[in-house]
Amino acid sequence: DGGITQSPKYLFRKEGQNVTLSCEQNLNHDAMYWYRQDPGQGLRLIYYSQIVNDFQKGDIAEGYSVSREKKESFPLTVTSAQKNPTAFYLCASSIQGARDTQYFGPGTRLTVL
Amino acid sequence: SQQGEEDPQALSIQEGENATMNCSYKTSINNLQWYRQNSGRGLVHLILIRSNEREKHSGRLRVTLDTSKKSSSLLITASRAADTASYFCATGPGNTGKLIFGQGTTLQVKP
């Protein structure tokens, strides 16, 4: 099956810890995205990457970091600098960019204890 | 920065009725997309309409785009309880790699 997967589904973090959320796609898409969604809200863009070894900050990049070493993988690290990380995180991919449909993973719900 | 704003924020209808959701945006766009999200899940793409198109259909969905008014509408006809979800519009402005999502409309269809 082609698609986009995220793991874990639920993640708990203690104060001061860094955690990494996984995102993998086998759709052969060039572009990948990370969004944050808070309860009852829309999606806010954290980072996006249009090609391997390149990525750009979105609207709320502070406290997050990413890497894009492989076309199929775009992990997101939530660092201790992110003061309010409890949220639902969604990863997406598209063929190239904003002209294309985005395909979403099932999401990771991060809770800070 | 929010580009799309959906209206209404919440909508409750009976099964069989039509549901209409509206989206307004601020800057020029390449395309406008509608997505659906069931509670606690990822988003599913519904339909994409390009800036040079005025109307598009997909099954029970009808999307219109008015670039002069910077607005779009999503009509779901003969709604079903399974249509209960949040619906988001997203705009692809200019040549950036970004889509910008609105806040969404929460639709409840009562059986």
# chains A, B, ... in the order shown; residues from 1 in each chain; ligands from 1

call {"tool": "residues_around", "arguments": {"residues": "Tyr103 of chain A", "least_positions_apart": "4", "cutoff": "8 Å", "atoms": "only C-alpha atoms", "output": "count of residues only"}}
result
8

call {"tool": "interface_residues", "arguments": {"of": "chain A", "to": "chain B", "cutoff": "6 Å", "atoms": "only C-alpha atoms", "output": "list of chain:residue names"}}
result
A:Gln41, A:Gly42, A:Leu43, A:Gly97, A:Ala98, A:Phe104, A:Gly105, A:Pro106, A:Gly107

call {"tool": "write_last_selection", "arguments": {"atoms": "N, CA, C and O atoms", "output": "PDB file, in the first residue's frame"}}
result
ATOM      1  N   GLN A  41      -8.824  24.077  16.333  1.00  0.00           N
ATOM      2  CA  GLN A  41      -8.119  25.027  15.472  1.00  0.00           C
ATOM      3  C   GLN A  41      -7.765  24.417  14.129  1.00  0.00           C
ATOM      4  O   GLN A  41      -7.844  23.204  13.934  1.00  0.00           O
ATOM      5  N   GLY A  42      -7.342  25.281  13.236  1.00  0.00           N
ATOM      6  CA  GLY A  42      -6.830  24.819  11.959  1.00  0.00           C
ATOM      7  C   GLY A  42      -5.398  24.358  12.079  1.00  0.00           C
ATOM      8  O   GLY A  42      -4.854  24.204  13.178  1.00  0.00           O
ATOM      9  N   LEU A  43      -4.771  24.134  10.939  1.00  0.00           N
ATOM     10  CA  LEU A  43      -3.398  23.654  10.899  1.00  0.00           C
ATOM     11  C   LEU A  43      -2.430  24.821  10.758  1.00  0.00           C
ATOM     12  O   LEU A  43      -2.661  25.732   9.949  1.00  0.00           O
ATOM     13  N   GLY A  97       4.607  20.740  -4.574  1.00  0.00           N
ATOM     14  CA  GLY A  97       4.443  21.898  -3.706  1.00  0.00           C
ATOM     15  C   GLY A  97       3.001  22.298  -3.564  1.00  0.00           C
ATOM     16  O   GLY A  97       2.094  21.462  -3.597  1.00  0.00           O
ATOM     17  N   ALA A  98       2.773  23.580  -3.407  1.00  0.00           N
ATOM     18  CA  ALA A  98       1.441  24.082  -3.058  1.00  0.00           C
ATOM     19  C   ALA A  98       0.442  23.968  -4.203  1.00  0.00           C
ATOM     20  O   ALA A  98      -0.741  24.187  -4.006  1.00  0.00           O
ATOM     21  N   PHE A 104      -2.048  13.232   3.898  1.00  0.00           N
ATOM     22  CA  PHE A 104      -1.728  13.336   5.312  1.00  0.00           C
ATOM     23  C   PHE A 104      -1.551  11.972   5.966  1.00  0.00           C
ATOM     24  O   PHE A 104      -2.219  10.993   5.614  1.00  0.00           O
ATOM     25  N   GLY A 105      -0.660  11.949   6.956  1.00  0.00           N
ATOM     26  CA  GLY A 105      -0.553  10.805   7.829  1.00  0.00           C
ATOM     27  C   GLY A 105      -1.633  10.851   8.889  1.00  0.00           C
ATOM     28  O   GLY A 105      -2.397  11.815   8.976  1.00  0.00           O
ATOM     29  N   PRO A 106      -1.688   9.827   9.750  1.00  0.00           N
ATOM     30  CA  PRO A 106      -2.746   9.746  10.770  1.00  0.00           C
ATOM     31  C   PRO A 106      -2.515  10.635  11.979  1.00  0.00           C
ATOM     32  O   PRO A 106      -3.417  10.799  12.798  1.00  0.00           O
ATOM     33  N   GLY A 107      -1.318  11.207  12.104  1.00  0.00           N
ATOM     34  CA  GLY A 107      -1.064  12.133  13.205  1.00  0.00           C
ATOM     35  C   GLY A 107      -0.421  11.490  14.415  1.00  0.00           C
ATOM     36  O   GLY A 107      -0.526  10.274  14.647  1.00  0.00           O
TER      37      GLY A 107
END

call {"tool": "residues_around", "arguments": {"residues": "segment 70-82 of chain A", "least_positions_apart": "3", "cutoff": "7 Å", "atoms": "only C-alpha atoms", "output": "number ranges by chain"}}
result
A: 16-26, 28, 30, 32, 52, 62-67, 85

call {"tool": "select_by_dssp", "arguments": {"residues": "segment 36-72 of chain A", "states": "strand (DSSP E or B)", "output": "MDAnalysis selection string"}}
result
chainID A and resid 36:37 43:51 54:57 64:66 70

call {"tool": "write_last_selection", "arguments": {"atoms": "N, CA, C and O atoms", "output": "compact mmCIF listing (two decimals), in the first residue's frame"}}
result
# COMPACT_ATOMS: atom_id res chain seq x y z
N ARG A 36 1.08 21.65 12.98
CA ARG A 36 0.60 21.51 14.36
C ARG A 36 -0.87 21.90 14.38
O ARG A 36 -1.27 22.88 13.75
N GLN A 37 -1.67 21.11 15.12
CA GLN A 37 -3.09 21.43 15.27
C GLN A 37 -3.44 21.43 16.76
O GLN A 37 -3.22 20.45 17.46
N LEU A 43 -4.77 24.13 10.94
CA LEU A 43 -3.40 23.65 10.90
C LEU A 43 -2.43 24.82 10.76
O LEU A 43 -2.66 25.73 9.95
N ARG A 44 -1.35 24.76 11.50
CA ARG A 44 -0.30 25.76 11.37
C ARG A 44 0.98 25.07 10.91
O ARG A 44 1.36 24.05 11.47
N LEU A 45 1.64 25.66 9.93
CA LEU A 45 2.80 25.04 9.31
C LEU A 45 4.04 25.25 10.17
O LEU A 45 4.38 26.38 10.52
N ILE A 46 4.74 24.16 10.46
CA ILE A 46 5.96 24.23 11.27
C ILE A 46 7.18 24.32 10.36
O ILE A 46 7.97 25.25 10.45
N TYR A 47 7.36 23.32 9.52
CA TYR A 47 8.46 23.25 8.56
C TYR A 47 7.95 22.57 7.30
O TYR A 47 7.02 21.78 7.34
N TYR A 48 8.62 22.86 6.19
CA TYR A 48 8.36 22.11 4.98
C TYR A 48 9.63 21.94 4.18
O TYR A 48 10.59 22.70 4.33
N SER A 49 9.63 20.91 3.35
CA SER A 49 10.79 20.57 2.55
C SER A 49 10.32 20.23 1.14
O SER A 49 9.43 19.41 0.96
N GLN A 50 10.92 20.87 0.17
CA GLN A 50 10.52 20.60 -1.23
C GLN A 50 11.50 19.68 -1.94
O GLN A 50 11.22 19.22 -3.05
N ILE A 51 12.63 19.42 -1.26
CA ILE A 51 13.62 18.55 -1.88
C ILE A 51 14.55 18.02 -0.79
O ILE A 51 14.69 18.63 0.27
N ASP A 54 17.04 19.95 1.95
CA ASP A 54 16.62 21.35 1.99
C ASP A 54 15.28 21.45 2.69
O ASP A 54 14.39 20.62 2.45
N PHE A 55 15.12 22.47 3.53
CA PHE A 55 13.84 22.67 4.20
C PHE A 55 13.72 24.14 4.59
O PHE A 55 14.73 24.85 4.69
N GLN A 56 12.48 24.58 4.79
CA GLN A 56 12.21 25.97 5.12
C GLN A 56 11.32 26.04 6.36
O GLN A 56 10.51 25.16 6.61
N LYS A 57 11.50 27.12 7.10
CA LYS A 57 10.65 27.36 8.26
C LYS A 57 9.25 27.74 7.81
O LYS A 57 9.08 28.46 6.83
N TYR A 64 11.30 23.86 17.26
CA TYR A 64 11.24 22.63 16.48
C TYR A 64 12.46 22.55 15.56
O TYR A 64 13.03 23.57 15.20
N SER A 65 12.84 21.33 15.19
CA SER A 65 13.87 21.15 14.17
C SER A 65 13.52 19.94 13.31
O SER A 65 12.77 19.06 13.74
N VAL A 66 14.02 19.94 12.08
CA VAL A 66 13.75 18.85 11.15
C VAL A 66 15.02 18.49 10.39
O VAL A 66 16.02 19.20 10.43
N LYS A 70 16.66 11.78 3.54
CA LYS A 70 16.15 10.84 2.54
C LYS A 70 14.81 11.37 2.01
O LYS A 70 14.05 12.01 2.73

call {"tool": "closest_residue", "arguments": {"among": "A:Arg99, A:Lys9, A:Arg109, A:Gly58", "to": "Tyr35 of chain A", "atoms": "only C-alpha atoms"}}
result
A:Gly58

call {"tool": "residues_around", "arguments": {"residues": "Ala85 of chain B", "least_positions_apart": "2", "cutoff": "8 Å", "atoms": "only C-alpha atoms", "output": "list in words"}}
result
Arg36, Gln37, Asn38, Ser39, Asp83, Tyr87, Thr106, Leu107 and Gln108 of chain B

call {"tool": "closest_residue", "arguments": {"among": "B:Gly59, B:Ala10, B:Thr64, B:Asn22", "to": "Ser79 of chain B", "atoms": "only C-alpha atoms"}}
result
B:Gly59

call {"tool": "closest_residue", "arguments": {"among": "A:Trp34, A:Leu110, A:Tyr89, A:Ala61", "to": "Tyr10 of chain A", "atoms": "only C-alpha atoms"}}
result
A:Leu110

call {"tool": "residues_around", "arguments": {"residues": "Glu55 of chain B", "least_positions_apart": "4", "cutoff": "10 Å", "atoms": "only C-alpha atoms", "output": "NGL selection string"}}
result
:B and (49-50 or 62-66 or 72-73)

call {"tool": "write_last_selection", "arguments": {"atoms": "C-alpha atoms", "output": "mmCIF file, in the first residue's frame"}}
result
data_model
loop_
_atom_site.group_PDB
_atom_site.id
_atom_site.type_symbol
_atom_site.label_atom_id
_atom_site.label_comp_id
_atom_site.auth_asym_id
_atom_site.auth_seq_id
_atom_site.Cartn_x
_atom_site.Cartn_y
_atom_site.Cartn_z
ATOM 1 C CA ILE B 49 -10.090 23.932 -7.818
ATOM 2 C CA ARG B 50 -7.635 26.012 -9.824
ATOM 3 C CA ARG B 62 -19.817 20.943 -5.446
ATOM 4 C CA VAL B 63 -17.157 23.615 -5.079
ATOM 5 C CA THR B 64 -17.337 27.108 -6.488
ATOM 6 C CA LEU B 65 -14.595 29.704 -6.679
ATOM 7 C CA ASP B 66 -15.049 33.454 -7.145
ATOM 8 C CA SER B 72 -15.118 29.705 -2.296
ATOM 9 C CA SER B 73 -17.981 27.529 -1.185
#
